[in-house]
$ cat run-v4.cif   # mmCIF, C-alpha atoms and all ligand atoms; chains and numbers go by the auth columns
data_upload
#
loop_
_atom_site.group_PDB
_atom_site.id
_atom_site.type_symbol
_atom_site.label_atom_id
_atom_site.label_comp_id
_atom_site.label_asym_id
_atom_site.label_seq_id
_atom_site.Cartn_x
_atom_site.Cartn_y
_atom_site.Cartn_z
_atom_site.B_iso_or_equiv
_atom_site.auth_seq_id
_atom_site.auth_asym_id
ATOM 1 C CA VAL A 1 -11.883 -15.725 13.199 0.00 1 K
ATOM 2 C CA PRO A 2 -9.512 -13.980 10.788 0.00 2 K
ATOM 3 C CA GLU A 3 -10.620 -10.351 10.577 0.00 3 K
ATOM 4 C CA LEU A 4 -9.251 -7.718 8.256 0.00 4 K
ATOM 5 C CA PRO A 5 -5.990 -7.202 10.224 0.00 5 K
ATOM 6 C CA GLU A 6 -5.249 -10.942 10.142 0.00 6 K
ATOM 7 C CA VAL A 7 -6.027 -11.148 6.431 0.00 7 K
ATOM 8 C CA GLU A 8 -3.633 -8.243 5.820 0.00 8 K
ATOM 9 C CA LEU A 9 -0.931 -10.176 7.673 0.00 9 K
ATOM 10 C CA TYR A 10 -1.694 -13.298 5.622 0.00 10 K
ATOM 11 C CA ALA A 11 -1.328 -11.207 2.468 0.00 11 K
ATOM 12 C CA ARG A 12 2.075 -9.974 3.647 0.00 12 K
ATOM 13 C CA PHE A 13 3.042 -13.534 4.560 0.00 13 K
ATOM 14 C CA PHE A 14 2.051 -14.750 1.109 0.00 14 K
ATOM 15 C CA ALA A 15 3.984 -11.880 -0.476 0.00 15 K
ATOM 16 C CA ARG A 16 7.088 -12.858 1.510 0.00 16 K
ATOM 17 C CA HIS A 17 6.961 -16.558 0.768 0.00 17 K
ATOM 18 C CA GLY A 18 4.714 -17.308 -2.190 0.00 18 K
ATOM 19 C CA LEU A 19 5.829 -14.942 -4.958 0.00 19 K
ATOM 20 C CA HIS A 20 8.199 -15.504 -7.888 0.00 20 K
ATOM 21 C CA ARG A 21 8.606 -19.225 -7.372 0.00 21 K
ATOM 22 C CA THR A 22 7.449 -21.646 -10.037 0.00 22 K
ATOM 23 C CA ILE A 23 4.434 -23.635 -8.933 0.00 23 K
ATOM 24 C CA GLN A 24 5.539 -27.173 -9.628 0.00 24 K
ATOM 25 C CA ARG A 25 2.708 -29.022 -7.977 0.00 25 K
ATOM 26 C CA VAL A 26 -0.729 -28.094 -6.702 0.00 26 K
ATOM 27 C CA GLU A 27 -2.429 -30.463 -4.290 0.00 27 K
ATOM 28 C CA VAL A 28 -6.093 -29.996 -3.493 0.00 28 K
ATOM 29 C CA ARG A 29 -6.457 -32.191 -0.432 0.00 29 K
ATOM 30 C CA ASP A 30 -10.075 -31.444 0.208 0.00 30 K
ATOM 31 C CA GLU A 31 -12.308 -30.362 -2.644 0.00 31 K
ATOM 32 C CA ARG A 32 -14.815 -28.835 -0.249 0.00 32 K
ATOM 33 C CA ILE A 33 -12.479 -25.843 0.043 0.00 33 K
ATOM 34 C CA LEU A 34 -12.908 -25.003 -3.646 0.00 34 K
ATOM 35 C CA GLY A 35 -15.320 -22.360 -4.901 0.00 35 K
ATOM 36 C CA VAL A 36 -16.644 -22.576 -8.444 0.00 36 K
ATOM 37 C CA THR A 37 -13.409 -23.893 -9.966 0.00 37 K
ATOM 38 C CA ARG A 38 -13.199 -27.661 -10.179 0.00 38 K
ATOM 39 C CA LYS A 39 -10.177 -29.483 -8.890 0.00 39 K
ATOM 40 C CA ASP A 40 -8.573 -30.473 -12.196 0.00 40 K
ATOM 41 C CA GLU A 41 -8.992 -26.974 -13.585 0.00 41 K
ATOM 42 C CA PHE A 42 -7.608 -25.399 -10.402 0.00 42 K
ATOM 43 C CA VAL A 43 -4.512 -27.583 -10.624 0.00 43 K
ATOM 44 C CA ARG A 44 -4.036 -27.316 -14.369 0.00 44 K
ATOM 45 C CA ARG A 45 -4.341 -23.537 -14.576 0.00 45 K
ATOM 46 C CA LEU A 46 -1.874 -22.846 -11.760 0.00 46 K
ATOM 47 C CA ARG A 47 0.746 -25.496 -12.467 0.00 47 K
ATOM 48 C CA GLY A 48 3.906 -24.072 -14.028 0.00 48 K
ATOM 49 C CA LYS A 49 2.954 -20.479 -13.242 0.00 49 K
ATOM 50 C CA GLN A 50 4.355 -18.081 -10.670 0.00 50 K
ATOM 51 C CA PHE A 51 2.440 -15.851 -8.310 0.00 51 K
ATOM 52 C CA THR A 52 3.583 -12.349 -9.100 0.00 52 K
ATOM 53 C CA ARG A 53 1.750 -10.037 -6.731 0.00 53 K
ATOM 54 C CA VAL A 54 -0.837 -10.039 -3.982 0.00 54 K
ATOM 55 C CA ARG A 55 -3.855 -7.917 -3.271 0.00 55 K
ATOM 56 C CA ARG A 56 -6.249 -7.725 -0.359 0.00 56 K
ATOM 57 C CA HIS A 57 -9.723 -6.231 -0.538 0.00 57 K
ATOM 58 C CA GLY A 58 -11.591 -6.377 2.730 0.00 58 K
ATOM 59 C CA LYS A 59 -11.252 -9.974 3.842 0.00 59 K
ATOM 60 C CA HIS A 60 -10.649 -11.272 0.324 0.00 60 K
ATOM 61 C CA PHE A 61 -7.152 -12.183 -0.775 0.00 61 K
ATOM 62 C CA PHE A 62 -5.930 -12.408 -4.363 0.00 62 K
ATOM 63 C CA ALA A 63 -2.627 -13.584 -5.832 0.00 63 K
ATOM 64 C CA TYR A 64 -2.024 -12.748 -9.487 0.00 64 K
ATOM 65 C CA THR A 65 -0.035 -15.045 -11.755 0.00 65 K
ATOM 66 C CA ASP A 66 2.283 -13.987 -14.588 0.00 66 K
ATOM 67 C CA GLY A 67 0.942 -10.966 -16.317 0.00 67 K
ATOM 68 C CA GLN A 68 -0.734 -12.147 -19.539 0.00 68 K
ATOM 69 C CA ALA A 69 -4.428 -11.636 -20.111 0.00 69 K
ATOM 70 C CA GLY A 70 -6.435 -14.647 -19.062 0.00 70 K
ATOM 71 C CA ALA A 71 -3.867 -15.641 -16.443 0.00 71 K
ATOM 72 C CA PRO A 72 -5.681 -17.065 -13.428 0.00 72 K
ATOM 73 C CA VAL A 73 -5.805 -15.160 -10.153 0.00 73 K
ATOM 74 C CA LEU A 74 -5.909 -17.157 -6.948 0.00 74 K
ATOM 75 C CA HIS A 75 -8.683 -16.072 -4.611 0.00 75 K
ATOM 76 C CA LEU A 76 -8.603 -17.055 -0.958 0.00 76 K
ATOM 77 C CA HIS A 77 -11.105 -16.331 1.767 0.00 77 K
ATOM 78 C CA PHE A 78 -10.043 -17.400 5.231 0.00 78 K
ATOM 79 C CA GLY A 79 -13.516 -18.065 6.613 0.00 79 K
ATOM 80 C CA MET A 80 -13.515 -18.928 10.308 0.00 80 K
ATOM 81 C CA SER A 81 -10.193 -20.716 10.656 0.00 81 K
ATOM 82 C CA GLY A 82 -8.107 -20.187 7.516 0.00 82 K
ATOM 83 C CA ASP A 83 -4.353 -19.690 7.755 0.00 83 K
ATOM 84 C CA LEU A 84 -1.188 -19.994 5.701 0.00 84 K
ATOM 85 C CA ALA A 85 1.964 -21.944 6.488 0.00 85 K
ATOM 86 C CA PHE A 86 5.339 -21.933 4.784 0.00 86 K
ATOM 87 C CA ASN A 87 7.400 -25.121 4.519 0.00 87 K
ATOM 88 C CA GLU A 88 5.020 -26.843 6.869 0.00 88 K
ATOM 89 C CA GLU A 89 1.972 -28.952 6.278 0.00 89 K
ATOM 90 C CA PRO A 90 -0.494 -28.334 9.073 0.00 90 K
ATOM 91 C CA ARG A 91 -2.994 -31.078 9.796 0.00 91 K
ATOM 92 C CA HIS A 92 -5.865 -29.292 8.083 0.00 92 K
ATOM 93 C CA THR A 93 -4.007 -28.313 4.934 0.00 93 K
ATOM 94 C CA ARG A 94 -6.608 -28.087 2.164 0.00 94 K
ATOM 95 C CA VAL A 95 -4.429 -26.796 -0.651 0.00 95 K
ATOM 96 C CA LEU A 96 -0.681 -27.107 -0.974 0.00 96 K
ATOM 97 C CA PHE A 97 1.512 -25.280 -3.470 0.00 97 K
ATOM 98 C CA ALA A 98 4.865 -26.986 -3.965 0.00 98 K
ATOM 99 C CA PHE A 99 7.392 -24.744 -5.687 0.00 99 K
ATOM 100 C CA GLY A 100 10.229 -25.672 -8.010 0.00 100 K
ATOM 101 C CA ASP A 101 12.857 -24.600 -5.477 0.00 101 K
ATOM 102 C CA GLY A 102 11.639 -27.187 -2.955 0.00 102 K
ATOM 103 C CA THR A 103 9.650 -24.764 -0.787 0.00 103 K
ATOM 104 C CA LYS A 104 5.929 -25.089 -0.189 0.00 104 K
ATOM 105 C CA LEU A 105 3.009 -22.960 0.899 0.00 105 K
ATOM 106 C CA ALA A 106 -0.039 -24.470 2.593 0.00 106 K
ATOM 107 C CA PHE A 107 -3.544 -23.080 2.935 0.00 107 K
ATOM 108 C CA GLU A 108 -5.122 -24.672 5.956 0.00 108 K
ATOM 109 C CA ASP A 109 -8.671 -24.359 7.174 0.00 109 K
ATOM 110 C CA MET A 110 -9.936 -26.680 9.832 0.00 110 K
ATOM 111 C CA ARG A 111 -13.580 -25.603 9.714 0.00 111 K
ATOM 112 C CA LEU A 112 -13.833 -25.349 5.915 0.00 112 K
ATOM 113 C CA PHE A 113 -15.711 -22.048 5.851 0.00 113 K
ATOM 114 C CA GLY A 114 -12.900 -20.600 3.757 0.00 114 K
ATOM 115 C CA VAL A 115 -12.574 -20.724 -0.007 0.00 115 K
ATOM 116 C CA ALA A 116 -9.796 -21.305 -2.511 0.00 116 K
ATOM 117 C CA ASP A 117 -10.800 -20.430 -6.028 0.00 117 K
ATOM 118 C CA LEU A 118 -9.645 -18.923 -9.310 0.00 118 K
ATOM 119 C CA VAL A 119 -10.952 -15.676 -10.719 0.00 119 K
ATOM 120 C CA ASP A 120 -10.030 -13.942 -13.959 0.00 120 K
ATOM 121 C CA ASP A 121 -10.356 -10.402 -12.697 0.00 121 K
ATOM 122 C CA PRO A 122 -10.485 -9.341 -9.041 0.00 122 K
ATOM 123 C CA ASP A 123 -12.048 -5.988 -10.006 0.00 123 K
ATOM 124 C CA ALA A 124 -14.943 -7.828 -11.638 0.00 124 K
ATOM 125 C CA PHE A 125 -15.221 -10.065 -8.570 0.00 125 K
ATOM 126 C CA ILE A 126 -15.368 -7.011 -6.278 0.00 126 K
ATOM 127 C CA ALA A 127 -18.025 -5.363 -8.469 0.00 127 K
ATOM 128 C CA GLU A 128 -20.088 -8.550 -8.744 0.00 128 K
ATOM 129 C CA HIS A 129 -20.120 -9.037 -5.011 0.00 129 K
ATOM 130 C CA ARG A 130 -20.913 -5.369 -4.485 0.00 130 K
ATOM 131 C CA LEU A 131 -17.990 -4.957 -2.135 0.00 131 K
ATOM 132 C CA GLY A 132 -17.463 -1.432 -0.909 0.00 132 K
ATOM 133 C CA ARG A 133 -14.149 0.298 -0.424 0.00 133 K
ATOM 134 C CA ASP A 134 -11.285 -1.293 1.396 0.00 134 K
ATOM 135 C CA PRO A 135 -10.743 0.745 4.565 0.00 135 K
ATOM 136 C CA LEU A 136 -6.976 0.912 3.967 0.00 136 K
ATOM 137 C CA ASP A 137 -7.105 1.674 0.248 0.00 137 K
ATOM 138 C CA PRO A 138 -4.860 4.747 -0.112 0.00 138 K
ATOM 139 C CA HIS A 139 -7.174 6.080 -2.822 0.00 139 K
ATOM 140 C CA PHE A 140 -10.167 5.950 -0.479 0.00 140 K
ATOM 141 C CA THR A 141 -10.670 9.553 0.586 0.00 141 K
ATOM 142 C CA LEU A 142 -12.808 11.334 3.148 0.00 142 K
ATOM 143 C CA ARG A 143 -14.743 12.721 0.230 0.00 143 K
ATOM 144 C CA ASP A 144 -15.558 9.203 -1.024 0.00 144 K
ATOM 145 C CA PHE A 145 -16.583 8.201 2.492 0.00 145 K
ATOM 146 C CA ARG A 146 -18.875 11.223 2.804 0.00 146 K
ATOM 147 C CA GLU A 147 -20.469 10.413 -0.514 0.00 147 K
ATOM 148 C CA LEU A 148 -21.097 6.778 0.479 0.00 148 K
ATOM 149 C CA MET A 149 -22.624 7.925 3.747 0.00 149 K
ATOM 150 C CA SER A 150 -24.859 10.475 2.129 0.00 150 K
ATOM 151 C CA LYS A 151 -26.712 7.617 0.425 0.00 151 K
ATOM 152 C CA ARG A 152 -27.501 5.848 3.684 0.00 152 K
ATOM 153 C CA ARG A 153 -30.065 6.303 6.436 0.00 153 K
ATOM 154 C CA GLY A 154 -30.403 4.775 9.872 0.00 154 K
ATOM 155 C CA ALA A 155 -28.007 3.437 12.491 0.00 155 K
ATOM 156 C CA VAL A 156 -24.406 4.427 11.871 0.00 156 K
ATOM 157 C CA LYS A 157 -23.281 0.979 12.983 0.00 157 K
ATOM 158 C CA ALA A 158 -25.350 -0.689 10.249 0.00 158 K
ATOM 159 C CA MET A 159 -23.751 1.629 7.706 0.00 159 K
ATOM 160 C CA LEU A 160 -20.214 0.774 8.843 0.00 160 K
ATOM 161 C CA MET A 161 -21.066 -2.939 8.860 0.00 161 K
ATOM 162 C CA SER A 162 -22.447 -2.815 5.341 0.00 162 K
ATOM 163 C CA GLN A 163 -20.104 -4.563 2.927 0.00 163 K
ATOM 164 C CA GLU A 164 -21.332 -2.253 0.204 0.00 164 K
ATOM 165 C CA VAL A 165 -19.895 0.754 2.028 0.00 165 K
ATOM 166 C CA VAL A 166 -16.691 -0.499 3.631 0.00 166 K
ATOM 167 C CA ALA A 167 -15.532 -4.042 2.919 0.00 167 K
ATOM 168 C CA GLY A 168 -14.490 -6.348 5.716 0.00 168 K
ATOM 169 C CA LEU A 169 -14.363 -4.022 8.714 0.00 169 K
ATOM 170 C CA GLY A 170 -16.288 -6.461 10.940 0.00 170 K
ATOM 171 C CA ASN A 171 -18.203 -6.183 14.190 0.00 171 K
ATOM 172 C CA LEU A 172 -15.279 -5.677 16.591 0.00 172 K
ATOM 173 C CA TRP A 173 -13.566 -2.936 14.619 0.00 173 K
ATOM 174 C CA VAL A 174 -16.814 -1.142 13.883 0.00 174 K
ATOM 175 C CA ASP A 175 -17.571 -1.003 17.629 0.00 175 K
ATOM 176 C CA GLU A 176 -14.002 0.139 18.263 0.00 176 K
ATOM 177 C CA THR A 177 -14.299 2.906 15.670 0.00 177 K
ATOM 178 C CA LEU A 178 -17.536 4.195 17.213 0.00 178 K
ATOM 179 C CA PHE A 179 -16.026 3.978 20.692 0.00 179 K
ATOM 180 C CA ALA A 180 -12.951 5.959 19.634 0.00 180 K
ATOM 181 C CA THR A 181 -15.112 8.589 17.973 0.00 181 K
ATOM 182 C CA GLY A 182 -17.618 8.900 20.833 0.00 182 K
ATOM 183 C CA ILE A 183 -20.609 8.107 18.630 0.00 183 K
ATOM 184 C CA ALA A 184 -23.468 5.895 19.812 0.00 184 K
ATOM 185 C CA PRO A 185 -23.991 2.889 17.474 0.00 185 K
ATOM 186 C CA ARG A 186 -27.669 3.717 16.927 0.00 186 K
ATOM 187 C CA ARG A 187 -27.151 7.345 15.921 0.00 187 K
ATOM 188 C CA PRO A 188 -28.711 7.852 12.478 0.00 188 K
ATOM 189 C CA VAL A 189 -26.120 8.446 9.775 0.00 189 K
ATOM 190 C CA GLU A 190 -28.051 11.418 8.459 0.00 190 K
ATOM 191 C CA LYS A 191 -27.789 13.166 11.833 0.00 191 K
ATOM 192 C CA LEU A 192 -24.004 13.016 12.072 0.00 192 K
ATOM 193 C CA ARG A 193 -22.094 16.268 12.017 0.00 193 K
ATOM 194 C CA ASP A 194 -19.376 16.791 9.454 0.00 194 K
ATOM 195 C CA SER A 195 -16.696 16.597 12.140 0.00 195 K
ATOM 196 C CA GLU A 196 -18.099 13.243 13.271 0.00 196 K
ATOM 197 C CA VAL A 197 -17.991 11.797 9.769 0.00 197 K
ATOM 198 C CA LYS A 198 -14.387 12.920 9.504 0.00 198 K
ATOM 199 C CA GLY A 199 -13.692 11.418 12.936 0.00 199 K
ATOM 200 C CA LEU A 200 -15.127 8.053 11.894 0.00 200 K
ATOM 201 C CA PHE A 201 -13.081 7.942 8.718 0.00 201 K
ATOM 202 C CA THR A 202 -9.866 8.811 10.531 0.00 202 K
ATOM 203 C CA ALA A 203 -10.493 6.493 13.499 0.00 203 K
ATOM 204 C CA MET A 204 -11.440 3.525 11.317 0.00 204 K
ATOM 205 C CA ARG A 205 -8.146 3.677 9.422 0.00 205 K
ATOM 206 C CA LYS A 206 -6.041 4.495 12.448 0.00 206 K
ATOM 207 C CA ILE A 207 -7.430 1.559 14.443 0.00 207 K
ATOM 208 C CA VAL A 208 -6.996 -1.001 11.676 0.00 208 K
ATOM 209 C CA ASN A 209 -3.468 0.246 10.948 0.00 209 K
ATOM 210 C CA GLU A 210 -2.531 0.215 14.607 0.00 210 K
ATOM 211 C CA VAL A 211 -3.868 -3.302 15.131 0.00 211 K
ATOM 212 C CA ILE A 212 -1.981 -4.562 12.067 0.00 212 K
ATOM 213 C CA ALA A 213 1.279 -2.875 13.092 0.00 213 K
ATOM 214 C CA ARG A 214 1.046 -4.339 16.583 0.00 214 K
ATOM 215 C CA LYS A 215 0.024 -7.815 15.425 0.00 215 K
ATOM 216 C CA GLU A 216 2.976 -7.868 13.074 0.00 216 K
ATOM 217 C CA ARG A 217 5.218 -7.445 16.127 0.00 217 K
ATOM 218 C CA GLY A 218 3.278 -10.094 18.041 0.00 218 K
ATOM 219 C CA LEU A 219 1.509 -7.507 20.225 0.00 219 K
ATOM 220 C CA GLU A 220 -2.131 -7.282 21.178 0.00 220 K
ATOM 221 C CA PRO A 221 -4.179 -4.107 20.660 0.00 221 K
ATOM 222 C CA PRO A 222 -3.584 -1.522 23.428 0.00 222 K
ATOM 223 C CA PRO A 223 -5.423 -1.791 26.770 0.00 223 K
ATOM 224 C CA ARG A 224 -7.342 1.433 26.123 0.00 224 K
ATOM 225 C CA TYR A 225 -9.288 -0.345 23.385 0.00 225 K
ATOM 226 C CA LEU A 226 -12.942 -1.266 23.918 0.00 226 K
ATOM 227 C CA LEU A 227 -11.928 -4.767 22.816 0.00 227 K
ATOM 228 C CA TRP A 228 -10.784 -5.617 26.345 0.00 228 K
ATOM 229 C CA HIS A 229 -13.953 -4.317 27.934 0.00 229 K
ATOM 230 C CA ARG A 230 -16.642 -6.012 25.901 0.00 230 K
ATOM 231 C CA GLN A 231 -18.824 -6.959 28.817 0.00 231 K
ATOM 232 C CA GLU A 232 -22.048 -5.538 30.213 0.00 232 K
ATOM 233 C CA GLY A 233 -21.331 -3.334 33.226 0.00 233 K
ATOM 234 C CA GLU A 234 -17.575 -3.000 32.627 0.00 234 K
ATOM 235 C CA ARG A 235 -15.981 0.336 33.317 0.00 235 K
ATOM 236 C CA CYS A 236 -15.095 2.408 30.253 0.00 236 K
ATOM 237 C CA PRO A 237 -11.286 2.764 29.975 0.00 237 K
ATOM 238 C CA LYS A 238 -11.771 6.190 28.457 0.00 238 K
ATOM 239 C CA CYS A 239 -14.218 8.002 30.738 0.00 239 K
ATOM 240 C CA GLY A 240 -15.132 5.665 33.580 0.00 240 K
ATOM 241 C CA GLY A 241 -18.699 5.321 32.291 0.00 241 K
ATOM 242 C CA THR A 242 -20.478 1.974 32.033 0.00 242 K
ATOM 243 C CA ILE A 243 -20.168 -0.331 29.036 0.00 243 K
ATOM 244 C CA ARG A 244 -23.545 -1.481 27.737 0.00 244 K
ATOM 245 C CA ARG A 245 -24.410 -4.479 25.611 0.00 245 K
ATOM 246 C CA SER A 246 -27.127 -4.230 22.977 0.00 246 K
ATOM 247 C CA VAL A 247 -28.006 -5.567 19.568 0.00 247 K
ATOM 248 C CA VAL A 248 -27.606 -3.156 16.659 0.00 248 K
ATOM 249 C CA ALA A 249 -27.776 -4.163 13.008 0.00 249 K
ATOM 250 C CA GLY A 250 -28.361 -7.715 14.216 0.00 250 K
ATOM 251 C CA ARG A 251 -24.995 -7.861 15.940 0.00 251 K
ATOM 252 C CA THR A 252 -23.933 -7.875 19.561 0.00 252 K
ATOM 253 C CA THR A 253 -22.749 -4.383 20.256 0.00 253 K
ATOM 254 C CA TYR A 254 -20.796 -2.872 23.114 0.00 254 K
ATOM 255 C CA ALA A 255 -20.658 0.845 23.701 0.00 255 K
ATOM 256 C CA CYS A 256 -20.021 3.285 26.525 0.00 256 K
ATOM 257 C CA GLY A 257 -23.268 4.722 27.869 0.00 257 K
ATOM 258 C CA LYS A 258 -21.519 7.937 28.836 0.00 258 K
ATOM 259 C CA HIS A 259 -19.084 9.232 26.216 0.00 259 K
ATOM 260 C CA GLN A 260 -20.734 7.683 23.139 0.00 260 K
ATOM 261 C CA ARG A 261 -23.558 9.964 22.136 0.00 261 K
HETATM 262 ZN ZN ZN B . -16.744 6.140 28.063 0.00 1 R
#
$ encode --input "run-v4.cif" --output "structure tokens"
Amino acid sequence: VPELPEVELYARFFARHGLHRTIQRVEVRDERILGVTRKDEFVRRLRGKQFTRVRRHGKHFFAYTDGQAGAPVLHLHFGMSGDLAFNEEPRHTRVLFAFGDGTKLAFEDMRLFGVADLVDDPDAFIAEHRLGRDPLDPHFTLRDFRELMSKRRGAVKAMLMSQEVVAGLGNLWVDETLFATGIAPRRPVEKLRDSEVKGLFTAMRKIVNEVIARKERGLEPPPRYLLWHRQEGERCPKCGGTIRRSVVAGRTTYACGKHQR
């Protein structure tokens, strides 16, 4: 499943291959991939335009077209199996953009949980869907994070999973953040010390950045990550304690019974 780090890499891939080329042809090969925009409108509004810049917010991807007001913005969500391909047409290509210079970009999604759609304004989309801050947004500060947290009560894991607080972090990276910070997933947000809140904010961004940087070089996350030890009874790579499985915020959760307090 494409998580935030994968979606960031897709955004970079799109930026490398899909920008500043005239969209000569748009093929919607399976209409089930579309959101609210109908096929003929999707094709008509993009044809002849160029994608000019990309933006990622959580697990949502946007590609703007030439600057004028009312210009459509492509919205992609990669669902469970979405991916992009350049100058290839994978078997499950749902939308294909053929550019005037002979190149082509395919959006594939075998399981069809993804979405290709048009929006007029990504900011309005983000507000409408009550999406919280993007964890890597450079304007997202510790102060903002503290303020968001101050409005929440209950398990810290549920708070980090909430899309209205941080968009797109996902179960694995939330567990990893708590593991790195030594905080038990069930600890109530309101009981966290200031230093712990700061630790969460720093760890969350560091982990996502590290995973992205490594993935970009074809590397897996480091062996010291909880990721490799997500099994009941495993030994904690950090302190030798025992990894425990539980359900927090409705999600399968792994945490060290010793160093996560
Ligand atoms: Zn431990």
$ residues_near_ligand --input "run-v4.cif" --ligand "ligand ZN 1 (chain R)" --cutoff "7 Å" --atoms "all atoms listed in the file" --output "ChimeraX atom specification"
/K:236-242,256-260
$ resolve_selection --input "run-v4.cif" --expression "the PyMOL selection byres (((chain K and resi 52-55) around 12) and not hetatm)" --output "ChimeraX atom specification"
/K:7-23,49-51,56-68,71-76,121-123,126,134,136-137
$ closest_residue --input "run-v4.cif" --among "K:Arg94, K:Arg205, K:Pro5, K:Val119" --to "Leu46 in chain K" --atoms "all atoms listed in the file"
K:Val119
$ closest_residue --input "run-v4.cif" --among "K:Gln231, K:Asn171, K:Ser162, K:Ser246" --to "Ala184 in chain K" --atoms "only C-alpha atoms"
K:Ser246
$ resolve_selection --input "run-v4.cif" --expression "the PyMOL selection byres (((chain K and resi 105-114) around 8) and not hetatm)" --output "JSON, numbers by chain"
{"K": [17, 18, 32, 33, 76, 77, 78, 79, 80, 81, 82, 83, 84, 85, 86, 87, 88, 89, 90, 91, 92, 93, 94, 95, 96, 97, 98, 103, 104, 115, 116]}
